[in-house]
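The structure file entry.cif is reproduced below (mmCIF, C-alpha atoms).
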```
data_structure
loop_
_atom_site.label_atom_id
_atom_site.label_comp_id
_atom_site.auth_asym_id
_atom_site.auth_seq_id
_atom_site.Cartn_x
_atom_site.Cartn_y
_atom_site.Cartn_z
CA MET A 1 -83.11 212.50 68.31
CA THR A 2 -80.37 211.25 70.62
CA ILE A 3 -78.62 207.92 70.39
CA SER A 4 -76.67 206.06 73.04
CA LYS A 5 -74.83 202.78 72.78
CA THR A 6 -74.11 200.16 75.41
CA GLU A 7 -71.63 197.39 74.71
CA ASN A 8 -71.83 193.97 76.29
CA GLY A 9 -69.13 191.73 74.85
CA LYS A 10 -70.06 191.09 71.22
CA GLU A 11 -73.53 192.61 71.64
CA VAL A 12 -74.33 196.28 71.27
CA THR A 13 -77.53 197.99 72.34
CA VAL A 14 -78.43 201.11 70.41
CA SER A 15 -80.97 203.18 72.34
CA VAL A 16 -82.78 205.91 70.49
CA GLU A 17 -84.76 208.80 71.91
CA GLY A 18 -87.01 210.96 69.73
CA ARG A 19 -88.27 210.69 66.18
CA ILE A 20 -86.69 208.60 63.45
CA ASP A 21 -87.71 210.54 60.35
CA SER A 22 -86.14 211.61 57.05
CA LYS A 23 -84.19 214.33 58.80
CA THR A 24 -82.78 212.31 61.68
CA ALA A 25 -82.39 209.02 59.77
CA PRO A 26 -78.89 209.74 58.37
CA GLU A 27 -77.46 210.03 61.90
CA PHE A 28 -79.25 206.88 63.02
CA GLU A 29 -77.97 205.06 59.94
CA LYS A 30 -74.39 206.09 60.61
CA GLU A 31 -74.52 205.00 64.26
CA VAL A 32 -76.05 201.64 63.33
CA LYS A 33 -73.69 200.95 60.43
CA ASP A 34 -70.67 201.77 62.60
CA CYS A 35 -71.57 198.71 64.68
CA PHE A 36 -71.90 196.16 61.86
CA GLU A 37 -68.26 195.09 61.85
CA SER A 38 -67.44 195.19 65.54
CA PHE A 39 -70.41 193.30 66.95
CA ASP A 40 -72.10 189.94 66.41
CA SER A 41 -75.50 190.93 67.68
CA MET A 42 -77.41 194.18 67.91
CA VAL A 43 -80.35 195.34 69.98
CA ILE A 44 -82.18 198.48 68.92
CA ASP A 45 -84.11 199.86 71.87
CA LEU A 46 -87.05 202.02 70.80
CA ALA A 47 -88.52 202.66 74.27
CA GLN A 48 -88.23 206.44 73.79
CA VAL A 49 -89.34 206.48 70.15
CA ASN A 50 -92.93 207.16 69.14
CA TYR A 51 -92.43 207.83 65.43
CA VAL A 52 -90.60 205.81 62.75
CA SER A 53 -91.09 206.83 59.13
CA SER A 54 -90.11 204.87 56.05
CA ALA A 55 -86.61 206.38 56.29
CA GLY A 56 -86.23 204.62 59.66
CA LEU A 57 -87.77 201.39 58.37
CA ARG A 58 -85.15 201.24 55.63
CA ILE A 59 -82.37 201.41 58.21
CA LEU A 60 -83.95 198.70 60.36
CA LEU A 61 -84.14 196.45 57.30
CA THR A 62 -80.50 197.20 56.39
CA ALA A 63 -79.44 196.37 59.96
CA HIS A 64 -81.53 193.22 59.96
CA LYS A 65 -79.87 192.04 56.73
CA ALA A 66 -76.37 192.93 57.90
CA MET A 67 -76.75 191.25 61.29
CA SER A 68 -78.59 188.16 60.06
CA ALA A 69 -75.26 186.83 58.75
CA LYS A 70 -74.15 186.86 62.40
CA GLU A 71 -76.29 186.57 65.51
CA GLY A 72 -79.04 188.89 64.41
CA LEU A 73 -80.90 192.06 65.22
CA LYS A 74 -83.45 192.43 67.98
CA VAL A 75 -85.81 195.39 68.19
CA ARG A 76 -87.07 196.00 71.71
CA ASN A 77 -89.54 198.12 73.68
CA VAL A 78 -91.68 199.08 70.70
CA CYS A 79 -94.63 201.30 71.59
CA LYS A 80 -98.05 200.58 70.14
CA GLU A 81 -97.96 203.46 67.61
CA VAL A 82 -94.68 202.22 66.12
CA MET A 83 -95.90 198.62 66.29
CA ALA A 84 -98.85 199.65 64.12
CA ILE A 85 -96.37 200.84 61.47
CA PHE A 86 -94.43 197.57 61.71
CA ASN A 87 -97.68 195.64 61.31
CA VAL A 88 -98.95 197.48 58.23
CA THR A 89 -95.57 197.19 56.45
CA GLY A 90 -95.12 193.52 57.35
CA PHE A 91 -92.01 194.35 59.40
CA SER A 92 -93.50 192.59 62.42
CA GLY A 93 -93.14 189.32 60.49
CA VAL A 94 -89.57 190.08 59.44
CA LEU A 95 -87.91 191.58 62.49
CA ASP A 96 -87.42 190.04 65.92
CA ILE A 97 -89.58 192.51 67.83
CA LYS A 98 -90.75 192.68 71.42
CA MET B 1 -118.76 223.09 58.24
CA GLU B 2 -115.44 224.58 57.29
CA ILE B 3 -113.24 224.90 60.35
CA MET B 4 -110.00 226.11 58.90
CA MET B 5 -107.86 226.45 55.85
CA LYS B 6 -104.17 227.27 55.97
CA GLU B 7 -101.40 227.45 53.45
CA LEU B 8 -97.63 227.12 53.76
CA GLU B 9 -95.19 227.97 51.01
CA ILE B 10 -91.80 226.54 51.76
CA SER B 11 -88.49 225.62 50.21
CA ALA B 12 -88.70 221.98 49.09
CA ALA B 13 -85.80 220.75 51.22
CA VAL B 14 -85.56 217.92 53.76
CA ASP B 15 -84.22 220.49 56.26
CA GLU B 16 -87.69 222.06 56.28
CA LEU B 17 -89.40 218.83 57.32
CA ASP B 18 -89.75 219.96 60.94
CA THR B 19 -91.47 223.18 59.85
CA VAL B 20 -93.86 221.24 57.64
CA ILE B 21 -94.72 218.74 60.38
CA ARG B 22 -95.23 221.58 62.86
CA PHE B 23 -97.59 223.32 60.42
CA ILE B 24 -99.63 220.13 60.01
CA ASP B 25 -99.63 219.32 63.74
CA GLU B 26 -100.86 222.79 64.69
CA GLN B 27 -103.99 222.38 62.60
CA LEU B 28 -104.58 218.80 63.74
CA GLU B 29 -104.13 219.68 67.39
CA ALA B 30 -106.50 222.63 67.08
CA ALA B 31 -109.04 220.18 65.66
CA GLU B 32 -108.39 217.77 68.56
CA CYS B 33 -107.29 215.01 66.22
CA PRO B 34 -106.52 211.75 68.08
CA MET B 35 -102.76 211.04 68.44
CA ASN B 36 -102.70 207.82 66.42
CA ILE B 37 -104.42 209.50 63.47
CA GLN B 38 -102.10 212.49 63.77
CA MET B 39 -99.11 210.17 63.48
CA GLN B 40 -100.55 208.44 60.42
CA ILE B 41 -101.01 211.83 58.78
CA GLU B 42 -97.48 212.93 59.78
CA LEU B 43 -96.04 209.80 58.18
CA SER B 44 -97.89 210.51 54.96
CA VAL B 45 -96.95 214.19 54.92
CA GLU B 46 -93.30 213.36 55.52
CA GLU B 47 -93.29 210.90 52.66
CA ILE B 48 -94.80 213.22 50.10
CA PHE B 49 -92.81 216.27 51.18
CA VAL B 50 -89.51 214.36 51.21
CA ASN B 51 -90.31 212.96 47.77
CA ILE B 52 -90.77 216.50 46.46
CA ALA B 53 -87.64 217.69 48.27
CA SER B 54 -85.59 214.84 46.84
CA TYR B 55 -86.78 214.67 43.24
CA ALA B 56 -88.94 217.58 42.07
CA TYR B 57 -86.20 220.11 41.41
CA ALA B 58 -83.03 218.01 41.60
CA PRO B 59 -80.27 219.00 41.16
CA GLY B 60 -81.69 222.53 41.67
CA THR B 61 -84.09 223.85 44.28
CA GLY B 62 -87.63 225.18 44.32
CA ASN B 63 -90.69 225.68 46.46
CA ALA B 64 -93.61 223.55 47.52
CA THR B 65 -97.00 224.82 48.61
CA ILE B 66 -98.93 222.86 51.20
CA LYS B 67 -102.61 223.62 51.62
CA MET B 68 -104.44 222.17 54.56
CA ARG B 69 -108.16 222.19 55.14
CA ILE B 70 -110.13 220.71 58.00
CA TYR B 71 -113.82 220.48 57.27
CA GLY B 72 -117.02 218.52 57.17
CA GLU B 73 -118.96 215.94 59.07
CA PRO B 74 -117.30 213.60 59.89
CA LEU B 75 -114.38 215.94 60.44
CA THR B 76 -111.86 215.46 57.65
CA ALA B 77 -108.32 216.70 57.04
CA GLU B 78 -107.36 217.42 53.45
CA ILE B 79 -103.76 218.19 52.55
CA VAL B 80 -102.68 219.26 49.07
CA PHE B 81 -99.05 219.46 47.94
CA VAL B 82 -98.24 221.55 44.89
CA ASP B 83 -94.84 221.87 43.20
CA SER B 84 -93.63 223.08 39.82
CA GLY B 85 -90.90 220.47 39.46
CA VAL B 86 -90.52 217.60 37.06
CA GLN B 87 -93.73 215.65 36.41
CA TYR B 88 -93.85 212.68 38.78
CA ASP B 89 -96.73 210.49 39.88
CA PRO B 90 -95.72 208.75 43.12
CA LEU B 91 -98.83 206.56 42.91
CA ALA B 92 -97.70 204.98 39.65
CA LYS B 93 -95.18 202.85 41.53
CA GLU B 94 -96.23 199.28 42.31
CA ASP B 95 -96.74 198.45 46.00
CA PRO B 96 -93.95 196.47 47.64
CA ASP B 97 -94.77 192.88 48.59
CA VAL B 98 -95.03 193.17 52.36
CA ASN B 99 -95.20 189.39 52.76
CA LYS B 100 -91.80 188.72 51.23
CA PRO B 101 -89.05 187.24 53.40
CA ALA B 102 -86.51 189.82 54.60
CA ALA B 103 -83.69 188.63 52.39
CA GLU B 104 -85.74 189.26 49.24
CA ARG B 105 -87.11 192.58 50.33
CA GLU B 106 -86.09 195.67 48.52
CA ILE B 107 -85.09 198.61 50.61
CA GLY B 108 -87.45 201.40 49.64
CA GLY B 109 -90.89 201.83 48.16
CA LEU B 110 -92.42 201.58 51.61
CA GLY B 111 -93.14 205.24 52.10
CA ILE B 112 -95.75 205.71 49.42
CA PHE B 113 -97.26 202.36 50.43
CA LEU B 114 -97.58 203.64 54.01
CA THR B 115 -99.17 206.82 52.70
CA LYS B 116 -101.79 204.84 50.79
CA LYS B 117 -102.48 202.67 53.85
CA ASN B 118 -102.63 205.54 56.31
CA MET B 119 -104.82 207.95 54.37
CA ASP B 120 -108.43 207.35 53.34
CA GLU B 121 -107.89 208.82 49.89
CA VAL B 122 -104.89 209.85 47.80
CA ALA B 123 -104.91 211.39 44.32
CA TYR B 124 -102.35 212.78 41.93
CA GLU B 125 -102.75 215.05 38.94
CA TYR B 126 -100.41 217.06 36.73
CA SER B 127 -102.03 220.30 35.69
CA GLY B 128 -100.77 223.66 34.47
CA GLY B 129 -97.16 222.55 34.81
CA LYS B 130 -97.68 221.56 38.44
CA ASN B 131 -97.67 218.31 40.37
CA ILE B 132 -100.72 218.24 42.62
CA PHE B 133 -100.93 215.54 45.25
CA LYS B 134 -104.07 215.48 47.37
CA MET B 135 -104.82 213.34 50.40
CA ARG B 136 -107.70 213.08 52.80
CA LYS B 137 -108.45 211.39 56.08
CA VAL B 138 -111.35 211.45 58.52
CA ILE B 139 -109.95 212.61 61.85
CA ALA B 140 -112.91 212.30 64.20
#
```

Is it possible to express this structure as structure tokens?
Amino acid sequence: MTISKTENGKEVTVSVEGRIDSKTAPEFEKEVKDCFESFDSMVIDLAQVNYVSSAGLRILLTAHKAMSAKEGLKVRNVCKEVMAIFNVTGFSGVLDIK
Amino acid sequence: MEIMMKELEISAAVDELDTVIRFIDEQLEAAECPMNIQMQIELSVEEIFVNIASYAYAPGTGNATIKMRIYGEPLTAEIVFVDSGVQYDPLAKEDPDVNKPAAEREIGGLGIFLTKKNMDEVAYEYSGGKNIFKMRKVIA
């Protein structure tokens, strides 16, 4: 998994490439949490991600909760395999996903 | 028709997750399992293996045995996890309420729920001092 960040004023885009699983989740969590204080809104770009396990879902929910006090979290470019996971767990009704 | 049966004995540690997933994928790919089903199985395998790695022997370490069988008509994958750690039934936990608003959602409990949703059949038993978790899914 590789992570890159792009800043645009008070918004940060976190782009992930690879698998978000129990092994890679701690790094993803650290990168996401590092942004909570400095930014008002967050975009997580999953264009290059085809696998998100429950370890990744937990981080998305943490980010959603942290950012909802500000301008919110958007999850973008979700492939159909990952969307199926969001659907079965009800995340598609919770997160702002496109 | 029995196509294959393989076994992996491995240290129950999250660091070994890649090896476990590779072991599972090799058998599924050889059986020409469709990608979406392969991912559902990977999710379930990750959940059960990480559970064992996190809780079975904590704070010590130990091994897990993973037995995989692909057989039958329709073609079915069966994966059995065996460990000698503390007795723990992951299925005893209540499912999370997936319709709850985000603010009320608990973080966690989703993994075993996903496993139940993604597999056709899951079963747990404690026998001979071992946790035995079995799951099955039709792959063709």

Should the cut-off be 12 Å, what would the residue list for chain A against chain B look like, counting all atoms listed in the file, as a PyMOL selection string?
chain A and resi 19-26+50-69+79-96

Could you tell me how far atom CA of Glu32 of chain B sits from atom CA of Leu75 of chain B, in Å to one decimal place?
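About the pair atom CA of Leu75 of chain B and atom CA of Glu32 of chain B: they are 10.3 Å apart.
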
Could you tell me which residues the PyMOL selection byres ((chain A and resi 3) around 7) returns for this structure, as an MDAnalysis selection string?
chainID A and resid 1:2 4:5 14:17

For Lys137 of chain B, work out the shell of residues within 6 Å, counting all atoms listed in the file and skipping chain neighbours fewer than 3 positions away, then give it as a compact mmCIF listing (two decimals) with C-alpha atoms, keeping the file's coordinate frame.
```
# COMPACT_ATOMS: atom_id res chain seq x y z
CA THR B 76 -111.86 215.46 57.65
CA ALA B 77 -108.32 216.70 57.04
CA MET B 119 -104.82 207.95 54.37
CA ASP B 120 -108.43 207.35 53.34
```

With a distance cut-off of 8 Å and all atoms listed in the file, select the neighbouring residues of Tyr57 of chain B, excluding the residue or stretch itself and same-chain residues fewer than 5 positions from it, and output the selection as a list of chain:residue names.
B:Ile52, B:Gly62, B:Gly85, B:Val86

Kindly provide, as an MDAnalysis selection string, the polymer residues lying within 6 Å of (-88.6, 199.0, 70.5), counting only C-alpha atoms and using the coordinates exactly as they appear in the file.
chainID A and resid 45:47 75:78

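Picture a line from atom CA of Cys35 of chain A to atom CA of Val12 of chain A; it runs 7.5 Å.
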
Please indicate the distance in Å from atom CA of Ile70 of chain B to atom CA of Met4 of chain B, rounded to one decimal place.
5.5 Å

Which of these, B:Asp83, B:Glu94, B:Glu7, B:Asp25, has the shortest distance to Asn63 of chain B once you count only C-alpha atoms?
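Of B:Asp83, B:Glu94, B:Glu7, B:Asp25, the one nearest Asn63 of chain B, counting only C-alpha atoms, is B:Asp83.
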
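Distances from A:Glu7, A:Glu31, A:Ile44, A:Phe36 to Ile97 of chain A were compared using only C-alpha atoms, and the smallest one belongs to A:Ile44.
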
What box, with edges along x, y and z, holds each listed atom of segment 46-58 of chain B when 8 Å is added on every side, and can you state its centre and edge lengths in Å to one decimal, as lines of an AutoDock Vina configuration file?
```
center_x = -88.9
center_y = 215.5
center_z = 48.5
size_x = 27.8
size_y = 25.2
size_z = 30.1
```

Can you list what the PyMOL selection byres ((chain B and resi 128) around 12) grabs from this structure, as a VMD selection string?
chain B and resid 82 to 85 87 125 to 127 129 to 132

Could those selected residues go to a file with C-alpha atoms, as a PDB file, in the frame of the given file?
```
ATOM      1  CA  VAL B  82     -98.240 221.550  44.890  1.00  0.00           C
ATOM      2  CA  ASP B  83     -94.840 221.870  43.200  1.00  0.00           C
ATOM      3  CA  SER B  84     -93.630 223.080  39.820  1.00  0.00           C
ATOM      4  CA  GLY B  85     -90.900 220.470  39.460  1.00  0.00           C
ATOM      5  CA  GLN B  87     -93.730 215.650  36.410  1.00  0.00           C
ATOM      6  CA  GLU B 125    -102.750 215.050  38.940  1.00  0.00           C
ATOM      7  CA  TYR B 126    -100.410 217.060  36.730  1.00  0.00           C
ATOM      8  CA  SER B 127    -102.030 220.300  35.690  1.00  0.00           C
ATOM      9  CA  GLY B 129     -97.160 222.550  34.810  1.00  0.00           C
ATOM     10  CA  LYS B 130     -97.680 221.560  38.440  1.00  0.00           C
ATOM     11  CA  ASN B 131     -97.670 218.310  40.370  1.00  0.00           C
ATOM     12  CA  ILE B 132    -100.720 218.240  42.620  1.00  0.00           C
TER      13      ILE B 132
END
```

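With all atoms listed in the file as the atoms that count, the residue of B:Leu28, B:Ala123, B:Ile21, B:Ala12 with the shortest distance to Tyr71 of chain B is B:Leu28.
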
Neighbouring residues of Phe133 of chain B were defined as those with any atom within 6 Å, considering all atoms listed in the file; residues of the same chain fewer than 6 positions away were excluded. Please report them as a PyMOL selection string.
chain B and resi 80-81+123-124

Which one is closest to Arg136 of chain B: B:Ala92, B:Lys116, B:Val45, B:Glu78? Count all atoms listed in the file.
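Closest residue, counting all atoms listed in the file: B:Glu78.
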
From B:Ile24, B:Ile10, B:Ala53, B:Ala64, residue lying nearest Ile41 of chain B [only C-alpha atoms]
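Nearest candidate to Ile41 of chain B out of B:Ile24, B:Ile10, B:Ala53, B:Ala64: B:Ile24.
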
Since the input has fewer atoms than a full residue there, write segment 104-120 of chain B out with N, CA and C atoms, as a tab-separated table (two decimals), in the coordinates of the input.
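Saved to rebuild_25.tsv:
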```
chain	number	residue	atom	x	y	z
B	104	GLU	N	-85.32	188.91	50.60
B	104	GLU	CA	-85.74	189.26	49.24
B	104	GLU	C	-86.35	190.65	49.16
B	105	ARG	N	-86.45	191.28	50.32
B	105	ARG	CA	-87.11	192.58	50.33
B	105	ARG	C	-86.23	193.67	49.76
B	106	GLU	N	-86.83	194.51	48.99
B	106	GLU	CA	-86.09	195.67	48.52
B	106	GLU	C	-86.17	196.75	49.58
B	107	ILE	N	-85.10	197.52	49.66
B	107	ILE	CA	-85.09	198.61	50.61
B	107	ILE	C	-85.66	199.82	49.89
B	108	GLY	N	-86.82	200.25	50.29
B	108	GLY	CA	-87.45	201.40	49.64
B	108	GLY	C	-88.84	201.04	49.13
B	109	GLY	N	-89.55	202.05	48.67
B	109	GLY	CA	-90.89	201.83	48.16
B	109	GLY	C	-91.94	201.72	49.26
B	110	LEU	N	-91.48	201.75	50.51
B	110	LEU	CA	-92.42	201.58	51.61
B	110	LEU	C	-93.19	202.85	51.93
B	111	GLY	N	-92.56	203.97	51.68
B	111	GLY	CA	-93.14	205.24	52.10
B	111	GLY	C	-94.47	205.53	51.44
B	112	ILE	N	-94.51	205.39	50.14
B	112	ILE	CA	-95.75	205.71	49.42
B	112	ILE	C	-96.82	204.65	49.76
B	113	PHE	N	-96.36	203.42	50.00
B	113	PHE	CA	-97.26	202.36	50.43
B	113	PHE	C	-97.90	202.72	51.77
B	114	LEU	N	-97.07	203.21	52.70
B	114	LEU	CA	-97.58	203.64	54.01
B	114	LEU	C	-98.57	204.79	53.85
B	115	THR	N	-98.27	205.69	52.94
B	115	THR	CA	-99.17	206.82	52.70
B	115	THR	C	-100.54	206.33	52.23
B	116	LYS	N	-100.52	205.39	51.29
B	116	LYS	CA	-101.79	204.84	50.79
B	116	LYS	C	-102.57	204.14	51.91
B	117	LYS	N	-101.83	203.40	52.76
B	117	LYS	CA	-102.48	202.67	53.85
B	117	LYS	C	-103.04	203.61	54.91
B	118	ASN	N	-102.29	204.68	55.18
B	118	ASN	CA	-102.63	205.54	56.31
B	118	ASN	C	-103.70	206.58	56.00
B	119	MET	N	-103.82	206.94	54.72
B	119	MET	CA	-104.82	207.95	54.37
B	119	MET	C	-106.06	207.25	53.81
B	120	ASP	N	-107.20	207.94	53.89
B	120	ASP	CA	-108.43	207.35	53.34
B	120	ASP	C	-108.45	207.48	51.82
```
